[in-house]
Structure formats: C-alpha cells, structure tokens
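Below is structure-v2.pdb, holding PDB, C-alpha atoms and all ligand atoms.
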```pdb
ATOM      1  CA  MET A 488      60.504 150.043 106.612  1.00  0.00           C
ATOM      2  CA  THR A 489      59.945 148.300 109.922  1.00  0.00           C
ATOM      3  CA  GLU A 490      56.414 147.388 108.927  1.00  0.00           C
ATOM      4  CA  ASP A 491      57.712 145.951 105.673  1.00  0.00           C
ATOM      5  CA  TYR A 492      60.143 143.852 107.633  1.00  0.00           C
ATOM      6  CA  ILE A 493      57.423 142.537 109.963  1.00  0.00           C
ATOM      7  CA  LYS A 494      55.188 141.831 106.986  1.00  0.00           C
ATOM      8  CA  SER A 495      57.996 139.860 105.356  1.00  0.00           C
ATOM      9  CA  LEU A 496      58.216 137.654 108.448  1.00  0.00           C
ATOM     10  CA  LEU A 497      54.542 136.767 108.199  1.00  0.00           C
ATOM     11  CA  ASP A 498      54.838 136.172 104.459  1.00  0.00           C
ATOM     12  CA  ASN A 499      57.794 133.882 105.153  1.00  0.00           C
ATOM     13  CA  ASN A 500      55.638 131.993 107.634  1.00  0.00           C
ATOM     14  CA  GLN A 501      53.003 131.308 104.996  1.00  0.00           C
ATOM     15  CA  GLU A 502      55.697 130.024 102.630  1.00  0.00           C
ATOM     16  CA  TRP A 503      57.201 127.890 105.377  1.00  0.00           C
ATOM     17  CA  VAL A 504      53.843 126.245 106.135  1.00  0.00           C
ATOM     18  CA  LYS A 505      53.457 125.378 102.448  1.00  0.00           C
ATOM     19  CA  GLU A 506      56.939 123.891 102.303  1.00  0.00           C
ATOM     20  CA  GLN A 507      56.433 121.830 105.454  1.00  0.00           C
ATOM     21  CA  LEU A 508      53.106 120.458 104.207  1.00  0.00           C
ATOM     22  CA  ALA A 509      54.638 119.602 100.843  1.00  0.00           C
ATOM     23  CA  GLU A 510      57.253 117.531 102.669  1.00  0.00           C
ATOM     24  CA  ASP A 511      54.811 115.869 105.080  1.00  0.00           C
ATOM     25  CA  PRO A 512      51.053 116.628 104.919  1.00  0.00           C
ATOM     26  CA  ASP A 513      50.655 115.471 108.557  1.00  0.00           C
ATOM     27  CA  VAL A 514      53.568 117.411 110.012  1.00  0.00           C
ATOM     28  CA  PHE A 515      51.433 119.835 112.035  1.00  0.00           C
ATOM     29  CA  LYS A 516      48.921 117.170 113.093  1.00  0.00           C
ATOM     30  CA  LYS A 517      51.820 115.150 114.509  1.00  0.00           C
ATOM     31  CA  SER A 518      53.289 118.230 116.142  1.00  0.00           C
ATOM     32  CA  ALA A 519      49.996 119.021 117.853  1.00  0.00           C
ATOM     33  CA  MET A 520      49.931 115.561 119.470  1.00  0.00           C
ATOM     34  CA  GLY A 521      52.819 116.347 121.815  1.00  0.00           C
ATOM     35  CA  GLN A 522      56.561 116.606 122.155  1.00  0.00           C
ATOM     36  CA  GLU A 523      59.295 114.112 122.977  1.00  0.00           C
ATOM     37  CA  PRO A 524      62.518 116.109 122.755  1.00  0.00           C
ATOM     38  CA  LYS A 525      65.732 114.223 123.527  1.00  0.00           C
ATOM     39  CA  VAL A 526      67.691 117.355 124.396  1.00  0.00           C
ATOM     40  CA  LEU A 527      67.411 120.352 126.661  1.00  0.00           C
ATOM     41  CA  TRP A 528      69.472 123.101 125.064  1.00  0.00           C
ATOM     42  CA  LEU A 529      70.808 125.956 127.167  1.00  0.00           C
ATOM     43  CA  GLY A 530      72.285 128.509 124.806  1.00  0.00           C
ATOM     44  CA  CYS A 531      73.088 132.189 124.547  1.00  0.00           C
ATOM     45  CA  SER A 532      70.389 134.595 123.362  1.00  0.00           C
ATOM     46  CA  ASP A 533      72.815 135.702 120.620  1.00  0.00           C
ATOM     47  CA  SER A 534      70.974 135.804 117.283  1.00  0.00           C
ATOM     48  CA  ARG A 535      73.867 134.060 115.538  1.00  0.00           C
ATOM     49  CA  VAL A 536      73.527 130.815 117.489  1.00  0.00           C
ATOM     50  CA  PRO A 537      70.203 129.226 116.487  1.00  0.00           C
ATOM     51  CA  PRO A 538      70.149 125.737 118.080  1.00  0.00           C
ATOM     52  CA  ASN A 539      68.149 123.843 115.458  1.00  0.00           C
ATOM     53  CA  GLU A 540      69.929 125.290 112.439  1.00  0.00           C
ATOM     54  CA  ILE A 541      73.464 124.594 113.663  1.00  0.00           C
ATOM     55  CA  THR A 542      72.663 121.009 114.660  1.00  0.00           C
ATOM     56  CA  GLY A 543      70.433 120.043 111.737  1.00  0.00           C
ATOM     57  CA  THR A 544      67.454 119.405 113.995  1.00  0.00           C
ATOM     58  CA  LYS A 545      63.766 120.172 113.642  1.00  0.00           C
ATOM     59  CA  PRO A 546      60.834 121.494 115.675  1.00  0.00           C
ATOM     60  CA  GLY A 547      60.179 118.931 118.400  1.00  0.00           C
ATOM     61  CA  ASP A 548      63.813 117.837 118.764  1.00  0.00           C
ATOM     62  CA  PHE A 549      65.065 120.349 121.357  1.00  0.00           C
ATOM     63  CA  PHE A 550      63.515 121.836 124.477  1.00  0.00           C
ATOM     64  CA  VAL A 551      65.199 125.227 124.611  1.00  0.00           C
ATOM     65  CA  HIS A 552      66.210 127.833 127.151  1.00  0.00           C
ATOM     66  CA  ARG A 553      68.332 130.798 126.185  1.00  0.00           C
ATOM     67  CA  ASN A 554      69.720 133.668 128.200  1.00  0.00           C
ATOM     68  CA  ILE A 555      72.613 136.083 127.948  1.00  0.00           C
ATOM     69  CA  ALA A 556      75.840 134.038 128.080  1.00  0.00           C
ATOM     70  CA  ASN A 557      74.020 130.698 128.665  1.00  0.00           C
ATOM     71  CA  LEU A 558      74.283 130.786 132.450  1.00  0.00           C
ATOM     72  CA  VAL A 559      72.942 128.375 135.073  1.00  0.00           C
ATOM     73  CA  SER A 560      72.071 130.474 138.094  1.00  0.00           C
ATOM     74  CA  TYR A 561      70.781 128.785 141.260  1.00  0.00           C
ATOM     75  CA  THR A 562      68.336 131.616 141.895  1.00  0.00           C
ATOM     76  CA  ASP A 563      66.938 131.635 138.364  1.00  0.00           C
ATOM     77  CA  PHE A 564      63.550 129.975 138.802  1.00  0.00           C
ATOM     78  CA  ASN A 565      62.845 130.443 135.144  1.00  0.00           C
ATOM     79  CA  PHE A 566      65.703 128.170 134.085  1.00  0.00           C
ATOM     80  CA  LEU A 567      65.282 125.778 137.041  1.00  0.00           C
ATOM     81  CA  SER A 568      61.636 125.295 136.078  1.00  0.00           C
ATOM     82  CA  VAL A 569      62.662 124.564 132.499  1.00  0.00           C
ATOM     83  CA  LEU A 570      65.275 122.075 133.758  1.00  0.00           C
ATOM     84  CA  LYS A 571      62.831 120.318 136.055  1.00  0.00           C
ATOM     85  CA  TYR A 572      60.177 120.044 133.394  1.00  0.00           C
ATOM     86  CA  ALA A 573      62.674 118.821 130.786  1.00  0.00           C
ATOM     87  CA  VAL A 574      64.289 116.188 133.011  1.00  0.00           C
ATOM     88  CA  GLU A 575      61.345 114.944 135.066  1.00  0.00           C
ATOM     89  CA  TYR A 576      58.381 115.301 132.736  1.00  0.00           C
ATOM     90  CA  LEU A 577      59.800 115.235 129.226  1.00  0.00           C
ATOM     91  CA  GLY A 578      62.579 112.800 130.101  1.00  0.00           C
ATOM     92  CA  VAL A 579      65.286 114.428 127.998  1.00  0.00           C
ATOM     93  CA  GLU A 580      68.411 112.283 127.683  1.00  0.00           C
ATOM     94  CA  HIS A 581      70.872 115.146 127.321  1.00  0.00           C
ATOM     95  CA  VAL A 582      71.358 118.670 128.594  1.00  0.00           C
ATOM     96  CA  ILE A 583      73.642 120.659 126.324  1.00  0.00           C
ATOM     97  CA  VAL A 584      75.133 123.942 127.504  1.00  0.00           C
ATOM     98  CA  CYS A 585      76.284 125.678 124.343  1.00  0.00           C
ATOM     99  CA  GLY A 586      78.407 128.803 124.685  1.00  0.00           C
ATOM    100  CA  HIS A 587      79.981 130.598 121.779  1.00  0.00           C
ATOM    101  CA  TYR A 588      83.200 132.462 121.027  1.00  0.00           C
ATOM    102  CA  GLN A 589      82.781 136.249 120.739  1.00  0.00           C
ATOM    103  CA  CYS A 590      80.014 136.127 123.343  1.00  0.00           C
ATOM    104  CA  GLY A 591      79.074 139.716 124.157  1.00  0.00           C
ATOM    105  CA  GLY A 592      78.063 138.722 127.686  1.00  0.00           C
ATOM    106  CA  VAL A 593      81.464 137.198 128.420  1.00  0.00           C
ATOM    107  CA  LYS A 594      83.225 140.191 126.862  1.00  0.00           C
ATOM    108  CA  ALA A 595      81.203 142.591 128.988  1.00  0.00           C
ATOM    109  CA  ALA A 596      82.096 140.604 132.117  1.00  0.00           C
ATOM    110  CA  MET A 597      85.805 140.889 131.236  1.00  0.00           C
ATOM    111  CA  GLY A 598      85.617 144.676 130.931  1.00  0.00           C
ATOM    112  CA  THR A 599      85.170 147.476 133.416  1.00  0.00           C
ATOM    113  CA  ALA A 600      82.315 149.416 131.759  1.00  0.00           C
ATOM    114  CA  SER A 601      78.982 149.430 133.553  1.00  0.00           C
ATOM    115  CA  HIS A 602      75.916 147.898 131.896  1.00  0.00           C
ATOM    116  CA  GLY A 603      73.320 148.483 134.599  1.00  0.00           C
ATOM    117  CA  ILE A 604      71.283 145.458 135.614  1.00  0.00           C
ATOM    118  CA  LEU A 605      73.315 143.283 133.250  1.00  0.00           C
ATOM    119  CA  ASP A 606      76.328 143.613 135.548  1.00  0.00           C
ATOM    120  CA  ASN A 607      74.484 141.552 138.180  1.00  0.00           C
ATOM    121  CA  TRP A 608      73.642 138.825 135.699  1.00  0.00           C
ATOM    122  CA  LEU A 609      77.215 138.707 134.417  1.00  0.00           C
ATOM    123  CA  LEU A 610      78.824 138.696 137.865  1.00  0.00           C
ATOM    124  CA  GLN A 611      78.985 134.918 137.751  1.00  0.00           C
ATOM    125  CA  ILE A 612      81.340 135.085 134.752  1.00  0.00           C
ATOM    126  CA  ARG A 613      83.615 137.396 136.717  1.00  0.00           C
ATOM    127  CA  ASP A 614      83.659 134.760 139.466  1.00  0.00           C
ATOM    128  CA  THR A 615      84.732 132.169 136.878  1.00  0.00           C
ATOM    129  CA  MET A 616      87.387 134.581 135.626  1.00  0.00           C
ATOM    130  CA  HIS A 617      88.816 135.007 139.133  1.00  0.00           C
ATOM    131  CA  PHE A 618      88.604 131.278 139.860  1.00  0.00           C
ATOM    132  CA  TYR A 619      90.701 130.460 136.796  1.00  0.00           C
ATOM    133  CA  GLU A 620      92.907 133.545 137.087  1.00  0.00           C
ATOM    134  CA  ASP A 621      96.206 131.585 137.012  1.00  0.00           C
ATOM    135  CA  GLU A 622      95.291 129.708 133.847  1.00  0.00           C
ATOM    136  CA  LEU A 623      93.917 132.799 132.121  1.00  0.00           C
ATOM    137  CA  GLU A 624      96.887 134.982 133.041  1.00  0.00           C
ATOM    138  CA  LYS A 625      99.244 132.541 131.327  1.00  0.00           C
ATOM    139  CA  LEU A 626      97.546 133.386 128.056  1.00  0.00           C
ATOM    140  CA  THR A 627      99.330 136.468 126.814  1.00  0.00           C
ATOM    141  CA  ASN A 628      96.880 137.548 124.196  1.00  0.00           C
ATOM    142  CA  GLU A 629      93.503 139.014 124.961  1.00  0.00           C
ATOM    143  CA  ALA A 630      91.685 137.035 122.249  1.00  0.00           C
ATOM    144  CA  ALA A 631      92.982 133.721 123.624  1.00  0.00           C
ATOM    145  CA  ARG A 632      91.899 134.721 127.144  1.00  0.00           C
ATOM    146  CA  PHE A 633      88.452 135.630 125.844  1.00  0.00           C
ATOM    147  CA  ASP A 634      88.085 132.287 124.017  1.00  0.00           C
ATOM    148  CA  ARG A 635      89.283 130.335 127.031  1.00  0.00           C
ATOM    149  CA  LEU A 636      86.912 132.135 129.398  1.00  0.00           C
ATOM    150  CA  VAL A 637      84.022 131.238 127.083  1.00  0.00           C
ATOM    151  CA  GLU A 638      85.070 127.574 127.344  1.00  0.00           C
ATOM    152  CA  LEU A 639      85.644 127.682 131.102  1.00  0.00           C
ATOM    153  CA  SER A 640      82.277 129.329 131.648  1.00  0.00           C
ATOM    154  CA  ALA A 641      80.528 126.566 129.680  1.00  0.00           C
ATOM    155  CA  ILE A 642      82.299 123.978 131.864  1.00  0.00           C
ATOM    156  CA  GLU A 643      81.260 125.882 134.994  1.00  0.00           C
ATOM    157  CA  GLN A 644      77.628 125.826 133.873  1.00  0.00           C
ATOM    158  CA  VAL A 645      77.788 122.038 133.517  1.00  0.00           C
ATOM    159  CA  SER A 646      79.238 121.893 137.003  1.00  0.00           C
ATOM    160  CA  HIS A 647      76.340 124.026 138.246  1.00  0.00           C
ATOM    161  CA  LEU A 648      73.851 121.773 136.485  1.00  0.00           C
ATOM    162  CA  GLY A 649      75.347 118.710 138.141  1.00  0.00           C
ATOM    163  CA  ASN A 650      74.962 120.354 141.513  1.00  0.00           C
ATOM    164  CA  THR A 651      71.267 121.146 141.153  1.00  0.00           C
ATOM    165  CA  ASN A 652      68.955 118.860 143.090  1.00  0.00           C
ATOM    166  CA  ILE A 653      67.112 118.252 139.821  1.00  0.00           C
ATOM    167  CA  ILE A 654      70.088 116.589 138.113  1.00  0.00           C
ATOM    168  CA  ARG A 655      71.428 114.973 141.296  1.00  0.00           C
ATOM    169  CA  GLY A 656      67.985 113.620 142.084  1.00  0.00           C
ATOM    170  CA  ALA A 657      67.674 112.209 138.567  1.00  0.00           C
ATOM    171  CA  TRP A 658      71.076 110.492 138.799  1.00  0.00           C
ATOM    172  CA  GLU A 659      70.226 109.055 142.221  1.00  0.00           C
ATOM    173  CA  LYS A 660      67.108 107.507 140.709  1.00  0.00           C
ATOM    174  CA  GLY A 661      69.191 105.856 137.985  1.00  0.00           C
ATOM    175  CA  ASN A 662      68.280 108.332 135.251  1.00  0.00           C
ATOM    176  CA  LYS A 663      71.473 108.667 133.200  1.00  0.00           C
ATOM    177  CA  VAL A 664      70.677 112.093 131.794  1.00  0.00           C
ATOM    178  CA  GLN A 665      73.946 113.349 130.303  1.00  0.00           C
ATOM    179  CA  LEU A 666      75.429 116.830 130.563  1.00  0.00           C
ATOM    180  CA  HIS A 667      77.532 118.380 127.794  1.00  0.00           C
ATOM    181  CA  ALA A 668      79.588 121.558 127.505  1.00  0.00           C
ATOM    182  CA  TRP A 669      79.880 122.842 123.944  1.00  0.00           C
ATOM    183  CA  VAL A 670      81.224 125.996 122.374  1.00  0.00           C
ATOM    184  CA  TYR A 671      80.073 127.154 118.965  1.00  0.00           C
ATOM    185  CA  ASN A 672      82.504 128.990 116.715  1.00  0.00           C
ATOM    186  CA  ILE A 673      80.579 131.833 115.094  1.00  0.00           C
ATOM    187  CA  GLY A 674      83.452 132.437 112.673  1.00  0.00           C
ATOM    188  CA  SER A 675      83.603 128.877 111.299  1.00  0.00           C
ATOM    189  CA  GLY A 676      80.234 127.313 112.092  1.00  0.00           C
ATOM    190  CA  PHE A 677      81.827 124.388 113.937  1.00  0.00           C
ATOM    191  CA  ILE A 678      81.056 123.251 117.478  1.00  0.00           C
ATOM    192  CA  ASN A 679      83.847 122.391 119.936  1.00  0.00           C
ATOM    193  CA  THR A 680      82.990 119.950 122.676  1.00  0.00           C
ATOM    194  CA  ILE A 681      84.709 120.723 125.926  1.00  0.00           C
ATOM    195  CA  THR A 682      83.728 117.678 127.935  1.00  0.00           C
ATOM    196  CA  GLY A 683      82.338 114.267 127.143  1.00  0.00           C
ATOM    197  CA  GLY A 684      78.883 113.280 128.291  1.00  0.00           C
ATOM    198  CA  ILE A 685      78.697 113.523 132.067  1.00  0.00           C
ATOM    199  CA  TYR A 686      76.149 111.278 133.757  1.00  0.00           C
ATOM    200  CA  SER A 687      77.110 110.941 137.412  1.00  0.00           C
ATOM    201  CA  VAL A 688      78.492 112.962 140.290  1.00  0.00           C
ATOM    202  CA  GLU A 689      81.811 111.092 139.902  1.00  0.00           C
ATOM    203  CA  THR A 690      82.231 111.902 136.211  1.00  0.00           C
ATOM    204  CA  LEU A 691      81.129 115.463 136.930  1.00  0.00           C
ATOM    205  CA  LYS A 692      84.005 115.791 139.390  1.00  0.00           C
ATOM    206  CA  GLN A 693      86.503 114.315 136.942  1.00  0.00           C
ATOM    207  CA  HIS A 694      85.473 116.488 134.035  1.00  0.00           C
ATOM    208  CA  CYS A 695      84.857 119.700 135.857  1.00  0.00           C
ATOM    209  CA  LYS A 696      87.842 119.729 138.163  1.00  0.00           C
ATOM    210  CA  PHE A 697      90.720 118.619 136.025  1.00  0.00           C
ATOM    211  CA  GLU A 698      91.599 122.039 134.751  1.00  0.00           C
ATOM    212  CA  LYS A 699      91.063 124.012 137.890  1.00  0.00           C
ATOM    213  CA  ARG A 700      94.048 125.557 139.618  1.00  0.00           C
ATOM    214  CA  GLY A 701      95.641 123.831 142.587  1.00  0.00           C
TER     215      GLY A 701
HETATM  216 CO    CO B 801      76.633 135.148 123.849  1.00  0.00          CO
END
```
For the structure just supplied, provide its representation as structure tokens.
Amino acid sequence: MTEDYIKSLLDNNQEWVKEQLAEDPDVFKKSAMGQEPKVLWLGCSDSRVPPNEITGTKPGDFFVHRNIANLVSYTDFNFLSVLKYAVEYLGVEHVIVCGHYQCGGVKAAMGTASHGILDNWLLQIRDTMHFYEDELEKLTNEAARFDRLVELSAIEQVSHLGNTNIIRGAWEKGNKVQLHAWVYNIGSGFINTITGGIYSVETLKQHCKFEKRG
C-alpha cells in the first residue's frame, strides 16, 4: 500500500509537469533562471497549512521556513540563516509569521505530558503563556485560551524577529522590510491578521506591547 502511495506521488508529478507546461511552455525555464520571492513565510510544519495553497501563490513567490509551532528562536541557526538570506540576499519585502488555531505544538506546551526533546523546543510557548497569564486566565473556557495563546505566540515571534540583528540592521539601513503576524483558521480556511505591517523598532514596540500585562 505504501509503495502504491509513493508511486501515486510520482505519477501526480508527471501530470503536474504536463499541466504547468500547457499553461506556460517556458515555466520551468523561467524558474531555473532564479528566484525573486517577495515574502519570507515562517509557518508551522502542520500538513494542513500549506503556504502557497492558502494564499493563492505559486512556486517562486514565497521563501519558506517551517517548524513546529512557527517559532523564532535566537539559537536556531537554521532559521536565522534563512532569515539572513531572505532579507539580505533575496531582498524580501515581507516576513509573515503564520500560526494556526488547533496547533498541536501550542496544545502540547499548554499540557503537562512529556514529549521528550519536543518539550525543549516548546518551552518558549510556555514562557509566552506565563507572560500573558493574567490575560489568559480571564478567559474561562479552555478553547478560547488555546486560540488566544496561538495568537499571542504569533505576536511574540514577530517581536523576536524585530529584535534580531538581521531585521534591526535592515531597518537601520533604510530597508522597510515589514513583519506580519497571522493566524490561519484550519476550520474555516480564513486567515486572521493580528498586527498590521511592522517596519520599524517604534512600530514594533507599539504593536507588540499594547496587549501585554502591566
Ligand atoms: Co502547528
């Protein structure tokens, strides 16, 4: 069965090539010449949140990094390398952090069960949870708390982005690369935007601090 499934993927690929060529006979020649994506997308690895499909974009439009719960970690050289390359070499105009409701990573961080190495990765979400404890505790139902933590975590990731020397350095040089916090609703297909486009340290402070306690 598994082999049949893998074979179907390769068959689909052959069909896809035919369809693409029917639409534009030069599509792959153009693709091979290079990329000029306008967006760096940081999303969750969740299979239900495919960046191009949900935004109606095509190969070449997004430079993409995905990890569990779409986190920006200052010690993650994988993501920081992607960010540097996207901002400094590809010149993306936007960095979109896209979380999603029902995120398994966020749910795991809210619980007490152990998930081995994953617990270390998800620790940052627990920090966010403690930081916004007052706001979250006011929400009486668990589902609302879960949804809100997903949103707050996306905002926190934008705040982290704005504090990297890559983004700060770009802003200091006059590059107005914009940061966005989005949350995708798996149950409806719609995207909620949590903050407007942030393009300076000042706007970062305004957008990322207004809902914090105190
Ligand atoms: Co997720």
Give me the range 504-569 of chain A side of the contact with range 668-680 of chain A, cut-off 10 Å, one line per residue showing its nearest atom pair and distance in Å at one decimal, counting only C-alpha atoms, sorted by chain and residue number, as CSV.
```
residue,atom,partner,partner_atom,distance
A:Leu529,CA,A:Ala668,CA,9.8
A:Gly530,CA,A:Trp669,CA,9.5
A:Arg535,CA,A:Ile673,CA,7.1
A:Val536,CA,A:Ile673,CA,7.5
A:Ile541,CA,A:Gly676,CA,7.5
A:Thr542,CA,A:Ile678,CA,9.1
```
(Q) Taking all atoms listed in the file into account, which residues have an atom no farther than 7 Å from ligand CO 801 (chain B)? I'd like them as JSON, numbers by chain. (A) {"A": [531, 532, 533, 555, 556, 586, 587, 589, 590, 591, 592, 593]}
Same residues, C-alpha atoms, output as a compact mmCIF listing (two decimals), in the coordinates of the input:
```txt
# COMPACT_ATOMS: atom_id res chain seq x y z
CA CYS A 531 73.09 132.19 124.55
CA SER A 532 70.39 134.60 123.36
CA ASP A 533 72.82 135.70 120.62
CA ILE A 555 72.61 136.08 127.95
CA ALA A 556 75.84 134.04 128.08
CA GLY A 586 78.41 128.80 124.68
CA HIS A 587 79.98 130.60 121.78
CA GLN A 589 82.78 136.25 120.74
CA CYS A 590 80.01 136.13 123.34
CA GLY A 591 79.07 139.72 124.16
CA GLY A 592 78.06 138.72 127.69
CA VAL A 593 81.46 137.20 128.42
```
Find the spatial neighbours of Cys695 in chain A, counting all atoms listed in the file, within a cut-off of 12 Å - ignore same-chain residues fewer than 4 positions away - and output them as an mmCIF file with C-alpha atoms, in the frame of the given file.
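Once written, result32.cif looks like this:
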```
data_model
loop_
_atom_site.group_PDB
_atom_site.id
_atom_site.type_symbol
_atom_site.label_atom_id
_atom_site.label_comp_id
_atom_site.auth_asym_id
_atom_site.auth_seq_id
_atom_site.Cartn_x
_atom_site.Cartn_y
_atom_site.Cartn_z
ATOM 1 C CA GLU A 638 85.070 127.574 127.344
ATOM 2 C CA LEU A 639 85.644 127.682 131.102
ATOM 3 C CA SER A 640 82.277 129.329 131.648
ATOM 4 C CA ALA A 641 80.528 126.566 129.680
ATOM 5 C CA ILE A 642 82.299 123.978 131.864
ATOM 6 C CA GLU A 643 81.260 125.882 134.994
ATOM 7 C CA GLN A 644 77.628 125.826 133.873
ATOM 8 C CA VAL A 645 77.788 122.038 133.517
ATOM 9 C CA SER A 646 79.238 121.893 137.003
ATOM 10 C CA HIS A 647 76.340 124.026 138.246
ATOM 11 C CA LEU A 648 73.851 121.773 136.485
ATOM 12 C CA GLY A 649 75.347 118.710 138.141
ATOM 13 C CA ASN A 650 74.962 120.354 141.513
ATOM 14 C CA LEU A 666 75.429 116.830 130.563
ATOM 15 C CA HIS A 667 77.532 118.380 127.794
ATOM 16 C CA ALA A 668 79.588 121.558 127.505
ATOM 17 C CA ILE A 681 84.709 120.723 125.926
ATOM 18 C CA THR A 682 83.728 117.678 127.935
ATOM 19 C CA GLY A 683 82.338 114.267 127.143
ATOM 20 C CA GLY A 684 78.883 113.280 128.291
ATOM 21 C CA ILE A 685 78.697 113.523 132.067
ATOM 22 C CA SER A 687 77.110 110.941 137.412
ATOM 23 C CA VAL A 688 78.492 112.962 140.290
ATOM 24 C CA GLU A 689 81.811 111.092 139.902
ATOM 25 C CA THR A 690 82.231 111.902 136.211
ATOM 26 C CA LEU A 691 81.129 115.463 136.930
ATOM 27 C CA LYS A 699 91.063 124.012 137.890
ATOM 28 C CA ARG A 700 94.048 125.557 139.618
#
```
Q.
Residue by residue, what does the PyMOL selection byres (((chain A and resi 609-615) around 7) and not hetatm) grab here? Present the result as an MDAnalysis selection string.
A. chainID A and resid 592:593 596:597 605:608 616:619 640
**Q.** Nearest to Trp528 in chain A, chosen from A:Val664, A:Val637, A:Val582, A:Leu508, with all atoms listed in the file counted in the distances
**A.**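 So, comparing all the options, the nearest one is A:Val582.
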Q | Pro546 in chain A surroundings by all atoms listed in the file, 10 Å radius, close-in-sequence under 2 positions cut, as a ChimeraX atom specification | A | /A:518,522,524,539,544,548-550
With all heavy atoms as the target, complete range 571-578 of chain A and hand it back as a PDB file, in the frame of the given file.
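Here's the written file rebuild-v1.pdb:
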```pdb
ATOM      1  N   LYS A 571      63.652 121.330 135.381  1.00  0.00           N
ATOM      2  CA  LYS A 571      62.831 120.318 136.055  1.00  0.00           C
ATOM      3  C   LYS A 571      61.832 119.694 135.080  1.00  0.00           C
ATOM      4  O   LYS A 571      61.674 118.479 135.020  1.00  0.00           O
ATOM      5  CB  LYS A 571      62.095 120.934 137.246  1.00  0.00           C
ATOM      6  CG  LYS A 571      61.273 119.884 138.001  1.00  0.00           C
ATOM      7  CD  LYS A 571      60.728 120.390 139.298  1.00  0.00           C
ATOM      8  CE  LYS A 571      59.798 119.370 139.943  1.00  0.00           C
ATOM      9  NZ  LYS A 571      60.496 118.344 140.698  1.00  0.00           N
ATOM     10  N   TYR A 572      61.177 120.537 134.337  1.00  0.00           N
ATOM     11  CA  TYR A 572      60.177 120.044 133.394  1.00  0.00           C
ATOM     12  C   TYR A 572      60.829 119.136 132.347  1.00  0.00           C
ATOM     13  O   TYR A 572      60.321 118.060 132.027  1.00  0.00           O
ATOM     14  CB  TYR A 572      59.459 121.226 132.721  1.00  0.00           C
ATOM     15  CG  TYR A 572      58.279 120.785 131.904  1.00  0.00           C
ATOM     16  CD1 TYR A 572      57.092 120.394 132.528  1.00  0.00           C
ATOM     17  CD2 TYR A 572      58.344 120.736 130.518  1.00  0.00           C
ATOM     18  CE1 TYR A 572      56.012 119.966 131.785  1.00  0.00           C
ATOM     19  CE2 TYR A 572      57.259 120.304 129.763  1.00  0.00           C
ATOM     20  CZ  TYR A 572      56.099 119.923 130.404  1.00  0.00           C
ATOM     21  OH  TYR A 572      55.036 119.490 129.653  1.00  0.00           O
ATOM     22  N   ALA A 573      61.989 119.580 131.845  1.00  0.00           N
ATOM     23  CA  ALA A 573      62.674 118.821 130.786  1.00  0.00           C
ATOM     24  C   ALA A 573      63.127 117.449 131.292  1.00  0.00           C
ATOM     25  O   ALA A 573      62.949 116.434 130.620  1.00  0.00           O
ATOM     26  CB  ALA A 573      63.870 119.608 130.268  1.00  0.00           C
ATOM     27  N   VAL A 574      63.701 117.436 132.494  1.00  0.00           N
ATOM     28  CA  VAL A 574      64.289 116.188 133.011  1.00  0.00           C
ATOM     29  C   VAL A 574      63.207 115.257 133.566  1.00  0.00           C
ATOM     30  O   VAL A 574      63.182 114.065 133.254  1.00  0.00           O
ATOM     31  CB  VAL A 574      65.352 116.500 134.097  1.00  0.00           C
ATOM     32  CG1 VAL A 574      65.830 115.231 134.791  1.00  0.00           C
ATOM     33  CG2 VAL A 574      66.528 117.234 133.463  1.00  0.00           C
ATOM     34  N   GLU A 575      62.301 115.816 134.367  1.00  0.00           N
ATOM     35  CA  GLU A 575      61.345 114.944 135.066  1.00  0.00           C
ATOM     36  C   GLU A 575      60.089 114.623 134.267  1.00  0.00           C
ATOM     37  O   GLU A 575      59.521 113.549 134.422  1.00  0.00           O
ATOM     38  CB  GLU A 575      60.978 115.559 136.420  1.00  0.00           C
ATOM     39  CG  GLU A 575      62.187 115.563 137.354  1.00  0.00           C
ATOM     40  CD  GLU A 575      61.866 116.061 138.754  1.00  0.00           C
ATOM     41  OE1 GLU A 575      60.661 116.118 139.117  1.00  0.00           O
ATOM     42  OE2 GLU A 575      62.817 116.404 139.474  1.00  0.00           O
ATOM     43  N   TYR A 576      59.632 115.544 133.458  1.00  0.00           N
ATOM     44  CA  TYR A 576      58.381 115.301 132.736  1.00  0.00           C
ATOM     45  C   TYR A 576      58.598 114.914 131.277  1.00  0.00           C
ATOM     46  O   TYR A 576      57.913 114.035 130.755  1.00  0.00           O
ATOM     47  CB  TYR A 576      57.451 116.507 132.857  1.00  0.00           C
ATOM     48  CG  TYR A 576      57.075 116.775 134.293  1.00  0.00           C
ATOM     49  CD1 TYR A 576      57.755 117.735 135.044  1.00  0.00           C
ATOM     50  CD2 TYR A 576      56.080 116.026 134.930  1.00  0.00           C
ATOM     51  CE1 TYR A 576      57.453 117.951 136.380  1.00  0.00           C
ATOM     52  CE2 TYR A 576      55.772 116.241 136.268  1.00  0.00           C
ATOM     53  CZ  TYR A 576      56.455 117.197 136.987  1.00  0.00           C
ATOM     54  OH  TYR A 576      56.155 117.404 138.305  1.00  0.00           O
ATOM     55  N   LEU A 577      59.550 115.574 130.632  1.00  0.00           N
ATOM     56  CA  LEU A 577      59.800 115.235 129.226  1.00  0.00           C
ATOM     57  C   LEU A 577      60.813 114.108 129.090  1.00  0.00           C
ATOM     58  O   LEU A 577      60.887 113.448 128.056  1.00  0.00           O
ATOM     59  CB  LEU A 577      60.296 116.467 128.455  1.00  0.00           C
ATOM     60  CG  LEU A 577      59.308 117.622 128.328  1.00  0.00           C
ATOM     61  CD1 LEU A 577      59.988 118.826 127.691  1.00  0.00           C
ATOM     62  CD2 LEU A 577      58.084 117.210 127.511  1.00  0.00           C
ATOM     63  N   GLY A 578      61.595 113.880 130.135  1.00  0.00           N
ATOM     64  CA  GLY A 578      62.579 112.800 130.101  1.00  0.00           C
ATOM     65  C   GLY A 578      63.673 112.986 129.069  1.00  0.00           C
ATOM     66  O   GLY A 578      64.083 112.035 128.395  1.00  0.00           O
TER      67      GLY A 578
END
```
